[in-house]
Amino acid sequence: MSNIFSENIYWSLGTIVILLGIIVTHWLASFRDKNNILAAESNELISAFAPAIARIESAIKHVGHQDSPEVNEFLKENFELHSAAVKKFSLRITSKRRRKAFKKAWENYCVLEPNGGCVSLFAGRCSPEGKYLELIKEKIENILNFAK
């Protein structure tokens with residue numbers, strides 16, 4: 001008793017080619033979907049911090065002026081938004097080394113308590129105002145570098 005594949009080599013080869021095509025197509029679609037999700041999460045992280053960067057840049061330009069925007073209160077008010085965006089983005093990082101570096105960048109941005117709260121939003125408040133603002137901006141940019 002023989003089957004159709006043993007009698008005709010073309011059936012066997014055709015079946016193998018079709019199966020390989022299905023597997024490769026599925027793999028490429030899966031890869032594309034993962035990249036789209038990561039891109040959306042990256043955009044969400046960047047969008048969460050964009051107002052903070054704009055506020056800091058404005059404050060740097062107006063250091064010492066009365067119309068200098070308040071940065072600390074703005075950042076404290078938006079801390080939960082930033083924290084949520086960071087947590088959501090960190091779930092998409094697959095590499096352990098990258099995830100650890102991302103976590104370190106976030107922890108460098110703020111001083112965290114063991115229970116997850118924030119003790120002091122930023123270290124370095126003693127430095128001159130302009131340098132302090134540059135430090136905050138640098139810390140935010142270190143976080144955002146993972147989204148690029």
# chains A, B, ... in the order shown; residues from 1 in each chain; ligands from 1
>>> residues_around(residues="Ala85 (chain A)", least_positions_apart="3", cutoff="6 Å", atoms="only C-alpha atoms", output="VMD selection string")
chain A and resid 45 82 88
>>> residues_around(residues="region 49-62 of chain A", least_positions_apart="6", cutoff="12 Å", atoms="only C-alpha atoms", output="count of residues only")
40
>>> atom_distance(atom1="CA of Glu44 (chain A)", atom2="CA of Phe89 (chain A)")
8.2 Å
>>> closest_residue(among="A:Val17, A:Val63, A:Phe146, A:Ile9", to="Phe102 (chain A)", atoms="only C-alpha atoms")
A:Phe146
>>> residues_around(residues="region 25-35 of chain A", least_positions_apart="5", cutoff="12 Å", atoms="only C-alpha atoms", output="VMD selection string")
chain A and resid 18 to 20 40 to 42 92 to 94 147
